[in-house]
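As structure tokens, the structure follows; a few thoughts come after it.
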Amino acid sequence: TVRHYKNRVCNDVSNNQHEDWLLFGQMHGPSSRCLPDQREVWAVRDAQGNVWEFSDSHGCYEVSCDGSGQLEVTMMGTTLPCPEGEYVQATSFDSSFVSGQIGPCPAAEKLCASLACPSSCHNNGVCVDGQCECFSGFTDIDCSLPVCHPTSCPDNTLCSHVSGMCIDPDTPSPSPPPSPPSPPP
């Protein structure tokens with residue numbers, strides 16, 4: 001039996017280093033989300049014919065939304081619809097699955113909206129109506145910049161509330177481009 005991860009940070013690509021999770025079709029990345037998977041035992045047959053099992057209540061799966069706003073789940077290269085409140089059988093994704101199912105599928109509008117934000121807000125904020133609302137300490141359109149605090153900047157630097165970074169006040173700002181020449185009379 002494989003022990004399943006517990007951190008539920010589905011869009012952290014570094015979690016893909018665990019081959020056990022990949023064997024069960026789980027994927028971590030910008031478009032992955034934590035979905036319920038039925039509390040039955042999941043089983044998959046590997047290339048050598050061994051059957052591996054695990055049991056958990058949630059997993060990280062690659063999700064997308066089709067043109068009509070319906071939620072889809074991708075596992076093992078196969079994309080299937082995941083209608084709200086219904087279940088998707090693991091055996092529908094790949095013949096290596098012996099048992100398991102995802103569901104009940106969540107409401108598409110909640111997940112589709114979260115996929116609309118740039119870089120999934122870098123895990124430093126939440127996506128609301130296609131815009132990142134950054135957690136305290138982060139800024140920018142995709143929450144990628146840490147906000148500095150005057151006390152956190154090294155000596156002889158200042159905190160720029162525009163960039164969120166500590167800057168050297170002695171470094172000249174870039175000059176604006178020269179004005180174009182006036183047209184002849």
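Lettering and numbering for the structure tokens are positional, with chains as A, B, ... in the shown order, residues counted from 1 in each chain, and ligands counted from 1 in the shown order.
Excluding stretch 98-103 of chain A and any residue on its chain fewer than 2 positions from it, the residues at most 8 Å away by only C-alpha atoms are Leu35, Pro36, Asp37, Gln38, Glu40, Val41, Trp42, Ala43, Val44, Arg45, Gly85, Glu86, Tyr87, Val88, Gln89, Ala90, Thr91, Ser95, Ser96, Cys105 and Pro106 of chain A.
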Based on the selection just made, write N, CA and C atoms of those residues as a PDB file, in the first residue's frame.
ATOM      1  N   LEU A  35      -8.978  17.472  -5.556  1.00  0.00           N
ATOM      2  CA  LEU A  35     -10.346  16.999  -5.773  1.00  0.00           C
ATOM      3  C   LEU A  35     -10.626  15.814  -4.864  1.00  0.00           C
ATOM      4  N   PRO A  36     -11.874  15.662  -4.470  1.00  0.00           N
ATOM      5  CA  PRO A  36     -12.206  14.475  -3.671  1.00  0.00           C
ATOM      6  C   PRO A  36     -12.089  13.219  -4.533  1.00  0.00           C
ATOM      7  N   ASP A  37     -11.566  12.169  -3.957  1.00  0.00           N
ATOM      8  CA  ASP A  37     -11.624  10.883  -4.641  1.00  0.00           C
ATOM      9  C   ASP A  37     -12.229   9.899  -3.650  1.00  0.00           C
ATOM     10  N   GLN A  38     -13.195   9.187  -4.130  1.00  0.00           N
ATOM     11  CA  GLN A  38     -14.019   8.331  -3.268  1.00  0.00           C
ATOM     12  C   GLN A  38     -13.168   7.523  -2.304  1.00  0.00           C
ATOM     13  N   GLU A  40     -12.943   4.685  -1.445  1.00  0.00           N
ATOM     14  CA  GLU A  40     -12.637   3.278  -1.720  1.00  0.00           C
ATOM     15  C   GLU A  40     -11.153   3.143  -2.026  1.00  0.00           C
ATOM     16  N   VAL A  41     -10.653   1.953  -2.035  1.00  0.00           N
ATOM     17  CA  VAL A  41      -9.241   1.714  -2.346  1.00  0.00           C
ATOM     18  C   VAL A  41      -9.025   1.914  -3.845  1.00  0.00           C
ATOM     19  N   TRP A  42      -8.004   2.693  -4.169  1.00  0.00           N
ATOM     20  CA  TRP A  42      -7.583   2.839  -5.556  1.00  0.00           C
ATOM     21  C   TRP A  42      -6.560   1.740  -5.829  1.00  0.00           C
ATOM     22  N   ALA A  43      -6.625   1.166  -6.997  1.00  0.00           N
ATOM     23  CA  ALA A  43      -5.649   0.146  -7.379  1.00  0.00           C
ATOM     24  C   ALA A  43      -5.240   0.362  -8.828  1.00  0.00           C
ATOM     25  N   VAL A  44      -3.949   0.182  -9.095  1.00  0.00           N
ATOM     26  CA  VAL A  44      -3.415   0.338 -10.446  1.00  0.00           C
ATOM     27  C   VAL A  44      -2.386  -0.763 -10.671  1.00  0.00           C
ATOM     28  N   ARG A  45      -2.358  -1.249 -11.900  1.00  0.00           N
ATOM     29  CA  ARG A  45      -1.407  -2.297 -12.275  1.00  0.00           C
ATOM     30  C   ARG A  45      -0.235  -1.627 -12.992  1.00  0.00           C
ATOM     31  N   GLY A  85     -21.191  17.101  -8.876  1.00  0.00           N
ATOM     32  CA  GLY A  85     -21.894  16.112  -8.075  1.00  0.00           C
ATOM     33  C   GLY A  85     -21.749  14.676  -8.552  1.00  0.00           C
ATOM     34  N   GLU A  86     -21.136  14.470  -9.718  1.00  0.00           N
ATOM     35  CA  GLU A  86     -20.992  13.120 -10.258  1.00  0.00           C
ATOM     36  C   GLU A  86     -19.581  12.582  -9.997  1.00  0.00           C
ATOM     37  N   TYR A  87     -19.382  11.318 -10.355  1.00  0.00           N
ATOM     38  CA  TYR A  87     -18.104  10.629 -10.149  1.00  0.00           C
ATOM     39  C   TYR A  87     -17.526  10.228 -11.501  1.00  0.00           C
ATOM     40  N   VAL A  88     -16.194  10.235 -11.581  1.00  0.00           N
ATOM     41  CA  VAL A  88     -15.495   9.783 -12.785  1.00  0.00           C
ATOM     42  C   VAL A  88     -14.682   8.546 -12.376  1.00  0.00           C
ATOM     43  N   GLN A  89     -14.927   7.445 -13.041  1.00  0.00           N
ATOM     44  CA  GLN A  89     -14.254   6.184 -12.724  1.00  0.00           C
ATOM     45  C   GLN A  89     -12.815   6.208 -13.233  1.00  0.00           C
ATOM     46  N   ALA A  90     -11.889   5.757 -12.398  1.00  0.00           N
ATOM     47  CA  ALA A  90     -10.478   5.714 -12.784  1.00  0.00           C
ATOM     48  C   ALA A  90     -10.268   4.823 -14.003  1.00  0.00           C
ATOM     49  N   THR A  91     -11.043   3.757 -14.113  1.00  0.00           N
ATOM     50  CA  THR A  91     -10.888   2.841 -15.250  1.00  0.00           C
ATOM     51  C   THR A  91     -11.230   3.507 -16.574  1.00  0.00           C
ATOM     52  N   SER A  95      -6.489   1.803 -18.839  1.00  0.00           N
ATOM     53  CA  SER A  95      -6.771   0.396 -18.545  1.00  0.00           C
ATOM     54  C   SER A  95      -5.896  -0.163 -17.422  1.00  0.00           C
ATOM     55  N   SER A  96      -4.865   0.583 -17.007  1.00  0.00           N
ATOM     56  CA  SER A  96      -4.031   0.100 -15.907  1.00  0.00           C
ATOM     57  C   SER A  96      -4.743   0.235 -14.558  1.00  0.00           C
ATOM     58  N   CYS A 105     -17.628  15.470  -8.111  1.00  0.00           N
ATOM     59  CA  CYS A 105     -16.968  16.581  -8.796  1.00  0.00           C
ATOM     60  C   CYS A 105     -17.499  17.909  -8.246  1.00  0.00           C
ATOM     61  N   PRO A 106     -16.603  18.876  -8.037  1.00  0.00           N
ATOM     62  CA  PRO A 106     -17.021  20.183  -7.518  1.00  0.00           C
ATOM     63  C   PRO A 106     -17.698  21.028  -8.589  1.00  0.00           C
TER      64      PRO A 106
END
(request) Name all residues at most 8 Å from A:Cys34 (count only C-alpha atoms; drop same-chain ones fewer than 2 positions away) and give them as a PyMOL selection string. (result) chain A and resi 8-10+32+36+58-61
Keeping only N, CA and C atoms, write the selected residues to a file as a PDB file, in the first residue's frame.
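This went into result-v1.pdb:
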ATOM      1  N   ARG A   8      -1.451  18.673   0.379  1.00  0.00           N
ATOM      2  CA  ARG A   8      -2.526  19.199  -0.464  1.00  0.00           C
ATOM      3  C   ARG A   8      -2.144  20.450  -1.260  1.00  0.00           C
ATOM      4  N   VAL A   9      -0.871  20.711  -1.479  1.00  0.00           N
ATOM      5  CA  VAL A   9      -0.446  21.835  -2.297  1.00  0.00           C
ATOM      6  C   VAL A   9      -0.320  21.318  -3.723  1.00  0.00           C
ATOM      7  N   CYS A  10      -1.445  21.328  -4.415  1.00  0.00           N
ATOM      8  CA  CYS A  10      -1.496  20.666  -5.722  1.00  0.00           C
ATOM      9  C   CYS A  10      -0.779  21.415  -6.829  1.00  0.00           C
ATOM     10  N   SER A  32      -3.359  22.139 -11.585  1.00  0.00           N
ATOM     11  CA  SER A  32      -3.824  21.028 -10.753  1.00  0.00           C
ATOM     12  C   SER A  32      -4.565  21.552  -9.534  1.00  0.00           C
ATOM     13  N   PRO A  36     -11.874  15.662  -4.470  1.00  0.00           N
ATOM     14  CA  PRO A  36     -12.206  14.475  -3.671  1.00  0.00           C
ATOM     15  C   PRO A  36     -12.089  13.219  -4.533  1.00  0.00           C
ATOM     16  N   HIS A  58      -8.708  12.630  -0.885  1.00  0.00           N
ATOM     17  CA  HIS A  58      -8.474  13.692  -1.858  1.00  0.00           C
ATOM     18  C   HIS A  58      -7.192  13.403  -2.626  1.00  0.00           C
ATOM     19  N   GLY A  59      -7.077  14.012  -3.794  1.00  0.00           N
ATOM     20  CA  GLY A  59      -5.871  13.877  -4.585  1.00  0.00           C
ATOM     21  C   GLY A  59      -5.685  15.073  -5.496  1.00  0.00           C
ATOM     22  N   CYS A  60      -4.491  15.250  -6.030  1.00  0.00           N
ATOM     23  CA  CYS A  60      -4.181  16.347  -6.939  1.00  0.00           C
ATOM     24  C   CYS A  60      -4.333  15.869  -8.380  1.00  0.00           C
ATOM     25  N   TYR A  61      -5.190  16.550  -9.105  1.00  0.00           N
ATOM     26  CA  TYR A  61      -5.460  16.162 -10.488  1.00  0.00           C
ATOM     27  C   TYR A  61      -5.417  17.392 -11.378  1.00  0.00           C
TER      28      TYR A  61
END
(message) Give me the residues near stretch 143-148 of chain A as an MDAnalysis selection string, where near means some atom within 8 Å (using only C-alpha atoms) and where sequence neighbours in that chain fewer than 3 positions away do not count.
(response) chainID A and resid 121:122 124:125 132:135 137:140 152:153 159:161 163:166
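Excluding A:Asp129 itself and any same-chain residue fewer than 4 positions from it, the protein and nucleic acid residues within 8 Å of it, counting only C-alpha atoms, are Ala113, Ser114 and Ala116 of chain A.
Compared by their closest atoms to A:Pro30, and using only C-alpha atoms, the residues A:Leu115, A:Ala47, A:Cys127, A:Met75 rank with A:Leu115 nearest.
Atom pair atom CA of A:Thr171 / atom CA of A:Ile141: separated by 25.6 Å.
Comparing the minimum interatomic distances between A:Phe97 and each of A:Pro83, A:Gly49, A:Pro154, A:Gly29, counting only C-alpha atoms, we find that A:Gly49 sits nearest.
Remark: for A:Leu80, the closest of the candidate residues A:Ser55, A:Val63, A:Ser68, A:Arg33 is A:Val63 (distances computed over only C-alpha atoms).
Atom CA of A:Ser136 is positioned 25.0 Å from atom CA of A:Asn156.
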(request) DSSP on the backbone, then: every residue of stretch 69-154 of chain A marked alpha helix (DSSP H), written as a PyMOL selection string. (result) chain A and resi 108-115
